[in-house]
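Text of protein-v2.txt (compact mmCIF, C-alpha atoms) as supplied:
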# COMPACT_ATOMS: atom_id res chain seq x y z
CA MET A 1 11.06 1.24 -6.21
CA ALA A 2 10.20 4.92 -5.72
CA PHE A 3 10.25 6.71 -2.40
CA PRO A 4 7.42 9.28 -2.19
CA PHE A 5 8.25 12.69 -0.69
CA GLU A 6 4.53 13.20 -0.03
CA ASN A 7 4.50 10.48 2.62
CA CYS A 8 7.51 11.76 4.58
CA ASP A 9 6.87 13.01 8.10
CA LEU A 10 7.02 16.78 8.63
CA ASN A 11 10.55 16.78 10.06
CA THR A 12 11.90 14.75 7.14
CA LYS A 13 10.09 16.99 4.65
CA LYS A 14 11.75 20.03 6.26
CA GLN A 15 15.18 18.41 6.02
CA ILE A 16 14.61 17.55 2.36
CA ASN A 17 13.35 21.06 1.59
CA ASP A 18 16.45 22.53 3.29
CA ILE A 19 18.67 20.27 1.19
CA ASP A 20 16.82 21.29 -1.97
CA ALA A 21 17.41 24.95 -1.13
CA LYS A 22 21.14 24.31 -0.62
CA LEU A 23 21.30 22.36 -3.88
CA ALA A 24 19.67 25.27 -5.72
CA GLU A 25 22.30 27.65 -4.30
CA LEU A 26 25.11 25.31 -5.31
CA GLU A 27 23.67 24.89 -8.81
CA ALA A 28 23.63 28.68 -9.20
CA GLU A 29 27.21 28.85 -7.90
CA LEU A 30 28.30 26.13 -10.32
CA LYS A 31 26.69 27.94 -13.24
CA ASP A 32 28.53 31.12 -12.27
CA LEU A 33 31.82 29.20 -12.13
CA HIS A 34 31.13 27.73 -15.58
CA ASP A 35 30.62 31.27 -16.90
CA GLN A 36 33.88 32.39 -15.27
CA MET A 37 35.73 29.43 -16.78
CA ARG A 38 34.82 30.57 -20.29
CA GLU A 39 36.60 33.89 -19.65
CA ALA A 40 39.52 32.49 -17.64
CA VAL A 41 43.08 32.17 -18.93
CA GLY A 42 46.25 30.52 -17.65
CA PRO A 43 46.45 29.60 -13.92
CA GLU A 44 43.01 31.07 -13.33
CA LYS A 45 41.45 28.09 -15.15
CA ALA A 46 43.00 25.61 -12.70
CA TYR A 47 41.80 27.70 -9.73
CA ILE A 48 38.21 27.80 -11.02
CA ALA A 49 38.31 24.07 -11.88
CA GLY A 50 39.25 23.35 -8.27
CA LYS A 51 36.30 25.39 -7.02
CA GLU A 52 33.97 23.60 -9.44
CA LYS A 53 35.16 20.24 -8.14
CA LYS A 54 34.43 21.24 -4.53
CA VAL A 55 30.94 22.45 -5.42
CA ILE A 56 30.17 19.20 -7.27
CA GLU A 57 31.41 17.16 -4.29
CA LYS A 58 29.08 19.14 -2.00
CA MET A 59 26.17 18.55 -4.37
CA ASP A 60 26.90 14.82 -4.53
CA GLY A 61 26.99 14.63 -0.74
CA LEU A 62 23.69 16.49 -0.38
CA GLY A 63 22.13 14.32 -3.09
CA ASN A 64 23.12 11.17 -1.20
CA GLU A 65 21.75 12.63 2.04
CA ARG A 66 18.47 13.48 0.31
CA ALA A 67 18.17 9.97 -1.14
CA SER A 68 18.81 8.46 2.29
CA LEU A 69 16.10 10.61 3.87
CA LEU A 70 13.60 9.56 1.20
CA THR A 71 14.09 5.89 2.09
CA THR A 72 12.47 6.65 5.47
CA CYS A 73 9.28 7.73 3.70
CA GLY A 74 8.14 4.29 2.57
CA MET A 75 7.61 3.41 -1.07
CA SER A 76 5.15 4.00 -3.90
CA LEU A 77 3.23 1.22 -5.67
CA SER A 78 0.65 1.09 -8.44
CA ASN A 79 -2.10 -0.79 -6.59
CA TRP A 80 -1.43 -0.92 -2.81
CA SER A 81 -1.52 1.72 -0.10
CA GLY A 82 -1.14 1.23 3.65
CA TYR A 83 1.69 -0.34 5.64
CA SER A 84 3.84 -3.42 5.08
CA ILE A 85 6.11 -4.73 7.85
CA LYS A 86 9.19 -6.80 7.07
CA GLY A 87 9.61 -9.77 9.37
CA GLY A 88 13.39 -9.90 9.02
CA ASP A 89 14.81 -13.02 10.63
CA THR A 90 11.48 -13.70 12.36
CA GLU A 91 9.03 -15.93 10.53
CA LEU A 92 5.64 -14.25 10.33
CA THR A 93 2.96 -16.64 11.53
CA SER A 94 0.01 -14.39 12.37
CA ILE A 95 -1.58 -11.04 11.58
CA SER A 96 -4.76 -9.37 12.82
CA ALA A 97 -6.54 -6.01 12.68
CA GLU A 98 -9.92 -4.35 12.61
CA TRP A 99 -11.44 -1.68 10.37
CA THR A 100 -14.76 -0.10 9.52
CA VAL A 101 -16.03 -0.78 6.01
CA PRO A 102 -15.75 2.46 4.02
CA ASN A 103 -18.48 3.77 1.79
CA VAL A 104 -17.79 4.28 -1.91
CA THR A 105 -19.19 6.93 -4.24
CA PRO A 106 -19.68 6.76 -8.01
CA SER A 107 -17.05 8.18 -10.33
CA SER A 108 -17.71 11.21 -12.51
CA THR A 109 -16.77 8.97 -15.44
CA GLY A 110 -19.68 6.63 -14.77
CA GLN A 111 -17.24 3.71 -14.95
CA ASP A 112 -17.22 0.75 -12.58
CA THR A 113 -14.67 1.32 -9.81
CA PHE A 114 -12.96 -1.00 -7.34
CA SER A 115 -11.34 -1.06 -3.91
CA ALA A 116 -10.49 -3.71 -1.32
CA THR A 117 -9.47 -3.49 2.33
CA TRP A 118 -7.48 -6.42 3.69
CA ILE A 119 -4.74 -7.86 5.85
CA GLY A 120 -2.33 -10.52 4.70
CA LEU A 121 1.11 -12.09 4.64
CA SER A 122 3.24 -11.87 1.52
CA GLY A 123 6.65 -11.45 0.00
CA PRO A 124 8.13 -7.97 -0.64
CA PRO A 125 5.32 -5.68 -1.86
CA ASP A 126 7.52 -4.10 -4.55
CA ASP A 127 8.66 -7.44 -5.96
CA THR A 128 6.76 -8.07 -9.19
CA SER A 129 7.60 -11.77 -8.91
CA ASN A 130 5.79 -11.88 -5.54
CA VAL A 131 3.02 -14.32 -6.42
CA ASN A 132 2.23 -15.74 -2.97
CA ILE A 133 -0.17 -13.85 -0.70
CA ILE A 134 -2.56 -15.18 1.92
CA GLN A 135 -5.16 -12.51 2.68
CA VAL A 136 -8.65 -11.79 4.02
CA GLY A 137 -10.78 -8.68 3.71
CA THR A 138 -13.70 -6.77 2.26
CA SER A 139 -14.36 -5.35 -1.20
CA GLN A 140 -16.05 -2.04 -1.93
CA PHE A 141 -17.03 -1.59 -5.58
CA ILE A 142 -19.20 0.67 -7.70
CA LEU A 143 -20.94 -1.41 -10.38
CA ASN A 144 -23.46 0.23 -12.71
CA ASN A 145 -23.29 3.32 -10.45
CA LYS A 146 -24.37 1.30 -7.40
CA PRO A 147 -22.21 0.32 -4.39
CA VAL A 148 -21.40 -3.35 -3.81
CA PHE A 149 -19.86 -4.80 -0.62
CA TYR A 150 -18.78 -8.33 0.30
CA ALA A 151 -16.11 -10.27 2.22
CA TRP A 152 -13.63 -12.88 1.04
CA LEU A 153 -10.36 -14.71 1.58
CA GLU A 154 -7.70 -15.32 -1.02
CA LEU A 155 -4.75 -17.66 -1.39
CA PHE A 156 -3.16 -15.77 -4.26
CA PRO A 157 -2.51 -16.60 -7.09
CA ALA A 158 -5.72 -18.65 -6.80
CA ASN A 159 -9.01 -16.77 -7.17
CA PRO A 160 -10.76 -15.45 -4.03
CA GLU A 161 -13.22 -17.46 -1.94
CA ASN A 162 -16.25 -15.32 -1.15
CA PHE A 163 -18.06 -15.61 2.18
CA CYS A 164 -21.50 -16.94 1.33
CA LYS A 165 -24.84 -17.45 3.02
CA LYS A 166 -25.52 -21.04 3.98
CA GLY A 167 -27.11 -23.05 1.19
CA THR A 168 -26.44 -20.56 -1.59
CA THR A 169 -25.21 -21.79 -4.93
CA ASN A 170 -24.23 -18.65 -6.86
CA CYS A 171 -21.77 -16.94 -4.52
CA VAL A 172 -18.44 -18.72 -4.68
CA THR A 173 -18.31 -18.50 -8.48
CA ASN A 174 -16.34 -15.42 -9.52
CA VAL A 175 -17.16 -13.24 -12.49
CA PRO A 176 -13.96 -13.31 -14.60
CA ILE A 177 -13.78 -9.56 -15.25
CA ASN A 178 -13.55 -8.44 -11.62
CA LEU A 179 -13.45 -11.67 -9.60
CA MET A 180 -16.62 -10.71 -7.72
CA PRO A 181 -19.40 -13.14 -6.75
CA ALA A 182 -21.83 -14.03 -9.50
CA ASN A 183 -24.70 -13.05 -7.18
CA ILE A 184 -23.98 -10.49 -4.44
CA ALA A 185 -27.30 -11.36 -2.75
CA ASP A 186 -25.85 -14.78 -1.90
CA THR A 187 -22.92 -13.32 0.06
CA LEU A 188 -22.96 -12.68 3.79
CA PRO A 189 -24.07 -9.08 4.43
CA VAL A 190 -21.46 -6.31 4.46
CA LYS A 191 -22.40 -2.63 4.59
CA PRO A 192 -20.53 0.65 4.97
CA GLY A 193 -19.91 1.39 8.64
CA ASP A 194 -19.71 -2.30 9.62
CA LEU A 195 -16.93 -3.17 12.07
CA ILE A 196 -14.68 -5.90 10.67
CA ARG A 197 -12.24 -7.99 12.73
CA ALA A 198 -9.88 -10.25 10.80
CA SER A 199 -6.95 -12.54 11.49
CA ILE A 200 -4.70 -15.09 9.79
CA GLN A 201 -2.74 -17.59 11.86
CA LYS A 202 -0.44 -20.45 11.03
CA MET A 203 -1.52 -23.62 12.78
CA PRO A 204 1.06 -25.20 15.12
CA PHE A 205 2.87 -28.38 14.13
CA ASN A 206 1.61 -28.10 10.56
CA ASN A 207 3.64 -25.80 8.35
CA ASN A 208 1.20 -25.44 5.50
CA ARG A 209 -2.17 -25.08 7.25
CA TRP A 210 -3.60 -21.68 8.16
CA ARG A 211 -6.66 -20.53 10.09
CA ILE A 212 -8.30 -17.54 8.36
CA PHE A 213 -10.96 -15.64 10.31
CA LEU A 214 -13.22 -12.68 9.59
CA MET A 215 -16.04 -11.37 11.77
CA ASN A 216 -18.57 -8.70 10.93
CA SER A 217 -19.41 -7.52 14.44
CA THR A 218 -22.11 -5.14 13.20
CA GLN A 219 -24.02 -7.72 11.16
CA GLY A 220 -23.44 -10.47 13.73
CA TRP A 221 -21.64 -13.11 11.71
CA GLY A 222 -18.18 -14.62 11.59
CA ILE A 223 -16.35 -17.09 9.35
CA SER A 224 -13.38 -19.29 10.25
CA LYS A 225 -11.69 -21.34 7.54
CA ILE A 226 -8.69 -23.67 7.63
CA ARG A 227 -6.76 -23.77 4.40
CA GLN A 228 -3.63 -25.53 3.21
CA TYR A 229 -1.33 -23.17 1.36
CA ASN A 230 2.01 -23.87 -0.26
CA ASP A 231 4.14 -21.52 -2.30
CA THR A 232 4.45 -22.06 -6.04
CA SER A 233 7.38 -24.43 -5.58
CA GLY A 234 5.18 -26.71 -3.46
CA THR A 235 6.97 -26.08 -0.16
CA PRO A 236 5.29 -24.63 2.96
CA LEU A 237 5.01 -20.88 2.50
CA LYS A 238 7.17 -18.67 4.72
CA HIS A 239 5.95 -15.10 4.41
CA SER A 240 8.32 -12.23 5.00
CA PHE A 241 5.95 -9.21 5.10
CA ALA A 242 2.79 -8.43 7.09
CA ASP A 243 0.43 -6.24 5.05
CA PHE A 244 -2.38 -3.85 6.06
CA ILE A 245 -3.70 -2.66 2.72
CA LEU A 246 -6.23 -0.63 0.75
CA GLU A 247 -5.93 -2.01 -2.79
CA ASN A 248 -7.01 -1.18 -6.30
CA PRO A 249 -7.91 -4.80 -7.12
CA SER A 250 -9.28 -6.70 -10.10
CA ARG A 251 -7.77 -7.05 -13.53
CA PRO A 252 -6.08 -3.91 -14.86
CA PRO A 253 -6.51 -1.34 -16.09
CA ASN A 254 -9.35 -0.14 -13.86
CA GLU A 255 -10.38 2.84 -11.77
CA LEU A 256 -9.90 2.97 -7.99
CA ALA A 257 -13.20 3.49 -6.16
CA ASN A 258 -13.51 6.68 -4.13
CA TYR A 259 -13.60 5.07 -0.69
CA GLY A 260 -13.14 8.31 1.25
CA ALA A 261 -11.05 7.07 4.16
CA VAL A 262 -10.50 3.95 6.23
CA THR A 263 -8.67 3.38 9.53
CA PHE A 264 -6.89 0.18 10.56
CA LYS A 265 -6.88 -0.38 14.33
CA LYS A 266 -5.48 -2.92 16.80
CA CYS A 267 -2.95 -4.11 14.23
CA ARG A 268 -0.96 -7.09 15.44
CA VAL A 269 1.88 -9.13 13.93
CA ASN A 270 2.82 -12.43 15.59
CA GLY A 271 0.52 -11.36 18.43
CA ASN A 272 2.43 -8.15 19.15
CA ASN A 273 1.68 -4.47 18.54
CA ALA A 274 2.59 -3.72 14.91
CA ASN A 275 4.52 -0.61 16.03
CA PHE A 276 4.37 0.93 12.57
CA SER A 277 7.06 3.33 11.38
CA ASN A 278 6.78 5.71 8.46
CA ASN A 279 9.39 3.85 6.39
CA GLN A 280 6.93 0.93 6.20
CA SER A 281 4.23 3.04 4.53
CA LEU A 282 2.97 2.50 0.97
CA VAL A 283 1.54 5.21 -1.29
CA MET A 284 -0.55 4.23 -4.31
CA VAL A 285 0.43 6.24 -7.39
CA TYR A 286 -1.06 6.33 -10.85
CA ASP A 287 0.39 4.01 -13.46
CA SER A 288 -1.41 4.18 -16.79
CA SER A 289 -0.66 0.52 -17.47
CA PHE A 290 -2.52 -0.48 -14.31
CA SER A 291 -5.12 2.17 -13.48
CA ILE A 292 -7.51 4.65 -15.04
CA ILE A 293 -7.72 8.29 -13.96
CA PRO A 294 -9.33 10.79 -16.33
CA GLY A 295 -6.55 13.24 -17.18
CA GLY A 296 -4.18 11.49 -14.79
CA GLN A 297 -0.42 11.67 -15.06
CA ASN A 298 1.91 8.83 -14.12
CA GLY A 299 3.02 9.36 -10.53
CA ASP A 300 -0.16 11.14 -9.39
CA ILE A 301 -1.11 10.03 -5.88
CA MET A 302 -4.30 7.95 -5.77
CA SER A 303 -4.34 6.75 -2.15
CA ILE A 304 -2.11 7.73 0.78
CA PRO A 305 -1.71 6.58 4.41
CA SER A 306 -1.27 8.75 7.47
CA GLU A 307 1.63 8.55 9.86
CA PRO A 308 1.10 5.88 12.54
CA GLY A 309 -1.07 6.78 15.52
CA SER A 310 0.58 7.35 18.90
CA SER A 311 -0.27 3.80 20.00
CA GLY A 312 1.79 2.41 17.10
CA ASP A 313 -0.92 -0.02 16.00
CA THR A 314 -3.23 2.21 14.00
CA PHE A 315 -3.24 4.41 10.89
CA SER A 316 -5.66 5.89 8.37
CA ILE A 317 -5.68 5.88 4.56
CA SER A 318 -7.38 8.46 2.34
CA PHE A 319 -8.50 8.44 -1.27
CA GLY A 320 -6.64 11.04 -3.31
CA ALA A 321 -3.42 12.95 -2.72
CA ASN A 322 -4.14 14.62 0.63
CA LYS A 323 -2.37 12.83 3.46
CA PRO A 324 -4.81 12.21 6.34
CA PRO A 325 -4.04 13.13 9.95
CA ARG A 326 -2.82 10.34 12.18
CA PRO A 327 -5.69 8.71 14.10

Would you mind writing the file's structure down as C-alpha cells?
Amino acid sequence: MAFPFENCDLNTKKQINDIDAKLAELEAELKDLHDQMREAVGPEKAYIAGKEKKVIEKMDGLGNERASLLTTCGMSLSNWSGYSIKGGDTELTSISAEWTVPNVTPSSTGQDTFSATWIGLSGPPDDTSNVNIIQVGTSQFILNNKPVFYAWLELFPANPENFCKKGTTNCVTNVPINLMPANIADTLPVKPGDLIRASIQKMPFNNNRWRIFLMNSTQGWGISKIRQYNDTSGTPLKHSFADFILENPSRPPNELANYGAVTFKKCRVNGNNANFSNNQSLVMVYDSSFSIIPGGQNGDIMSIPSEPGSSGDTFSISFGANKPPRP
C-alpha cells in the first residue's frame, strides 16, 4: 500500500512540507557532524557521537510523524480512483449514489481506451486476493477512435451482465478482450451527460440475495435485478468496504480513457450519508504491468479524487494528475 502525498488536504500537505524542511536541516547537520568526527580525537569523538545520536533520534521521530500524516491521505492503486469506506464492525448491506455519465475523448496514441464508473461492495481495495465484488455502473470506452457507452452489473469474479433492450440477442454476450457487449446497439441507451442513479441492497431474511438497481433518468429507463451472490467459499458474502469508483477496467495492460471529470452525488451507505473523509480516498497511479501510458513512469498519477464536498456525500474525480476542487 502506498499513501499518495498528492491527495493530502492542504493542511496536511503543509505539515508534511514543514517536516521535510526540518529533515533537510537535520540531514545537513548530521553531515556536518560526520565531517567533524573525521577530524576529532580523544573525548571529542564521544561528544560528537552523542550529538549525532540525538540528531538521528529527531529524524526518526519526524519520519514517523510524516508517515502517520500520509496515512490520512488515502491510498494509491493501479486501477481504482475514488473513495472506499470501511464498514468496521457494521455489516454493509446497501450502497447508492448518482453521477452524470462523463464523455471520453480519443487518445493521441490511437489506441482503444477504457473507463468505468460504478458503486459496489467489496473487500479491502488494496488486497490483491479480494476477488468478491458486487457492483453496478456505466462504461465509457473509446473503440476504433469512437466513444462507446453502456450500463451493466457485475458479480465479480463472474463476467458482467450488460443491460439490454428487450428482445435483443447479441447484448449479454461479452467480447473476451474487453468484456463489452458483442453489439452495443442492443444495449439500453447511455450517453454522456445522462443522469445515472444506482443502488445495491441486500434483501432481508435472505443472506445471499441482492437487489441491484440502475436508472438512467435522462433516457427514461431503469433496471432492477435480483441476484444470488456467494463468496468463493460458497457462504453468503459479507462485504467490508463500500466503493464509489472510477476504474481502468478490462484485461491489462490497457490505457485509461480520458473521461475528463465525474462527480458522485448523494452517496449513501446503509441508508446514511457516506460522510467521506480524505483518508478513504483512492488515487490511481501508473503501473506498467497493468496500464499503458506513452512515456509514463511507474507512480505517475492517472486519476485523482477531490476532497469531499461540504455535505459529506459528494466528491469529484479528474483524469490526470491535477486534483479537482471539491464540489

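What separates CA of Ser108 in chain A from CA of Ile317 in chain A is a distance of 21.6 Å.
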
All residues 12 Å or closer to Glu307 in chain A, all atoms listed in the file, same chain fewer than 6 positions away omitted, as JSON, numbers by chain: {"A": [6, 7, 8, 9, 10, 72, 73, 74, 82, 83, 263, 264, 275, 276, 277, 278, 279, 280, 281, 282, 283, 313, 314, 315, 316, 317, 318, 323, 324, 325, 326, 327]}

Range 43-56 of chain A environment, 12 Å, all atoms listed in the file, sequence neighbours closer than 5 positions dropped, as a list in words: Lys22, Leu23, Ala24, Glu25, Leu26, Glu27, Ala28, Glu29, Leu30, Lys31, Asp32, Leu33, His34, Asp35, Gln36, Met37, Arg38, Gly61, Leu62 and Gly63 of chain A

Rank nothing, just name the residue among A:Asp287, A:Asp186, A:Asp60, A:Asp300 nearest to Ala151 in chain A, using only C-alpha atoms.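 Using only C-alpha atoms, the shortest distance to Ala151 in chain A belongs to A:Asp186.
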
Nearby residues (all atoms listed in the file) at most 12 Å from Leu77 in chain A, same-chain spacing under 4 positions excluded, as number ranges by chain: A: 1-4, 81-84, 124-128, 245-248, 281-287, 290-291, 298-304

Could you save the residues just selected, with C-alpha atoms, as a PDB file, keeping the file's coordinate frame?
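Generated file (out_16.pdb):
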ATOM      1  CA  MET A   1      11.060   1.240  -6.210  1.00  0.00           C
ATOM      2  CA  ALA A   2      10.200   4.920  -5.720  1.00  0.00           C
ATOM      3  CA  PHE A   3      10.250   6.710  -2.400  1.00  0.00           C
ATOM      4  CA  PRO A   4       7.420   9.280  -2.190  1.00  0.00           C
ATOM      5  CA  SER A  81      -1.520   1.720  -0.100  1.00  0.00           C
ATOM      6  CA  GLY A  82      -1.140   1.230   3.650  1.00  0.00           C
ATOM      7  CA  TYR A  83       1.690  -0.340   5.640  1.00  0.00           C
ATOM      8  CA  SER A  84       3.840  -3.420   5.080  1.00  0.00           C
ATOM      9  CA  PRO A 124       8.130  -7.970  -0.640  1.00  0.00           C
ATOM     10  CA  PRO A 125       5.320  -5.680  -1.860  1.00  0.00           C
ATOM     11  CA  ASP A 126       7.520  -4.100  -4.550  1.00  0.00           C
ATOM     12  CA  ASP A 127       8.660  -7.440  -5.960  1.00  0.00           C
ATOM     13  CA  THR A 128       6.760  -8.070  -9.190  1.00  0.00           C
ATOM     14  CA  ILE A 245      -3.700  -2.660   2.720  1.00  0.00           C
ATOM     15  CA  LEU A 246      -6.230  -0.630   0.750  1.00  0.00           C
ATOM     16  CA  GLU A 247      -5.930  -2.010  -2.790  1.00  0.00           C
ATOM     17  CA  ASN A 248      -7.010  -1.180  -6.300  1.00  0.00           C
ATOM     18  CA  SER A 281       4.230   3.040   4.530  1.00  0.00           C
ATOM     19  CA  LEU A 282       2.970   2.500   0.970  1.00  0.00           C
ATOM     20  CA  VAL A 283       1.540   5.210  -1.290  1.00  0.00           C
ATOM     21  CA  MET A 284      -0.550   4.230  -4.310  1.00  0.00           C
ATOM     22  CA  VAL A 285       0.430   6.240  -7.390  1.00  0.00           C
ATOM     23  CA  TYR A 286      -1.060   6.330 -10.850  1.00  0.00           C
ATOM     24  CA  ASP A 287       0.390   4.010 -13.460  1.00  0.00           C
ATOM     25  CA  PHE A 290      -2.520  -0.480 -14.310  1.00  0.00           C
ATOM     26  CA  SER A 291      -5.120   2.170 -13.480  1.00  0.00           C
ATOM     27  CA  ASN A 298       1.910   8.830 -14.120  1.00  0.00           C
ATOM     28  CA  GLY A 299       3.020   9.360 -10.530  1.00  0.00           C
ATOM     29  CA  ASP A 300      -0.160  11.140  -9.390  1.00  0.00           C
ATOM     30  CA  ILE A 301      -1.110  10.030  -5.880  1.00  0.00           C
ATOM     31  CA  MET A 302      -4.300   7.950  -5.770  1.00  0.00           C
ATOM     32  CA  SER A 303      -4.340   6.750  -2.150  1.00  0.00           C
ATOM     33  CA  ILE A 304      -2.110   7.730   0.780  1.00  0.00           C
TER      34      ILE A 304
END

So which residues touch range 142-144 of chain A within 7 Å, counting all atoms listed in the file, skipping near sequence neighbours fewer than 5 positions away, as a list of chain:residue names?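 Selected residues are A:Val104, A:Pro106, A:Asp112, A:Thr113, A:Phe114, A:Ala257.
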
So which residues touch Asn273 in chain A within 10 Å, counting only C-alpha atoms, skipping near sequence neighbours fewer than 4 positions away, as a PyMOL selection string? chain A and resi 96+266-269+311-314

Taking only C-alpha atoms into account, name the residue in A:Ser289, A:Asn230, A:Ser115, A:Asn11 that is nearest to Ile133 in chain A. A:Asn230

A:Phe213, A:Trp221, A:Phe205, A:Tyr150: which is nearest Thr187 in chain A, counting all atoms listed in the file?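 Looking only at the distances to Thr187 in chain A, the closest residue turns out to be A:Tyr150.
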
Using all atoms listed in the file for the distances, tell me which of A:Met59, A:Cys164, A:Ala261, A:Ile196 is nearest to Ile184 in chain A.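 Ranking A:Met59, A:Cys164, A:Ala261, A:Ile196 by distance to Ile184 in chain A, first place goes to A:Cys164.
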
Determine the nearest neighbour of Asp194 in chain A from the options A:Gly320, A:Pro147, A:Pro102, A:Gly271, counting only C-alpha atoms.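 When distances to Asp194 in chain A are compared using only C-alpha atoms, the smallest one comes from A:Pro102.
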
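Among the candidates A:Asn272, A:Ser107, A:Thr71, A:Thr100, the one nearest to Asn254 in chain A when counting all atoms listed in the file is A:Ser107.
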
Suppose you want the space between CA of Val136 in chain A and CA of Ser199 in chain A; what is it in Å?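 That distance, rounded to one decimal, is 7.7 Å.
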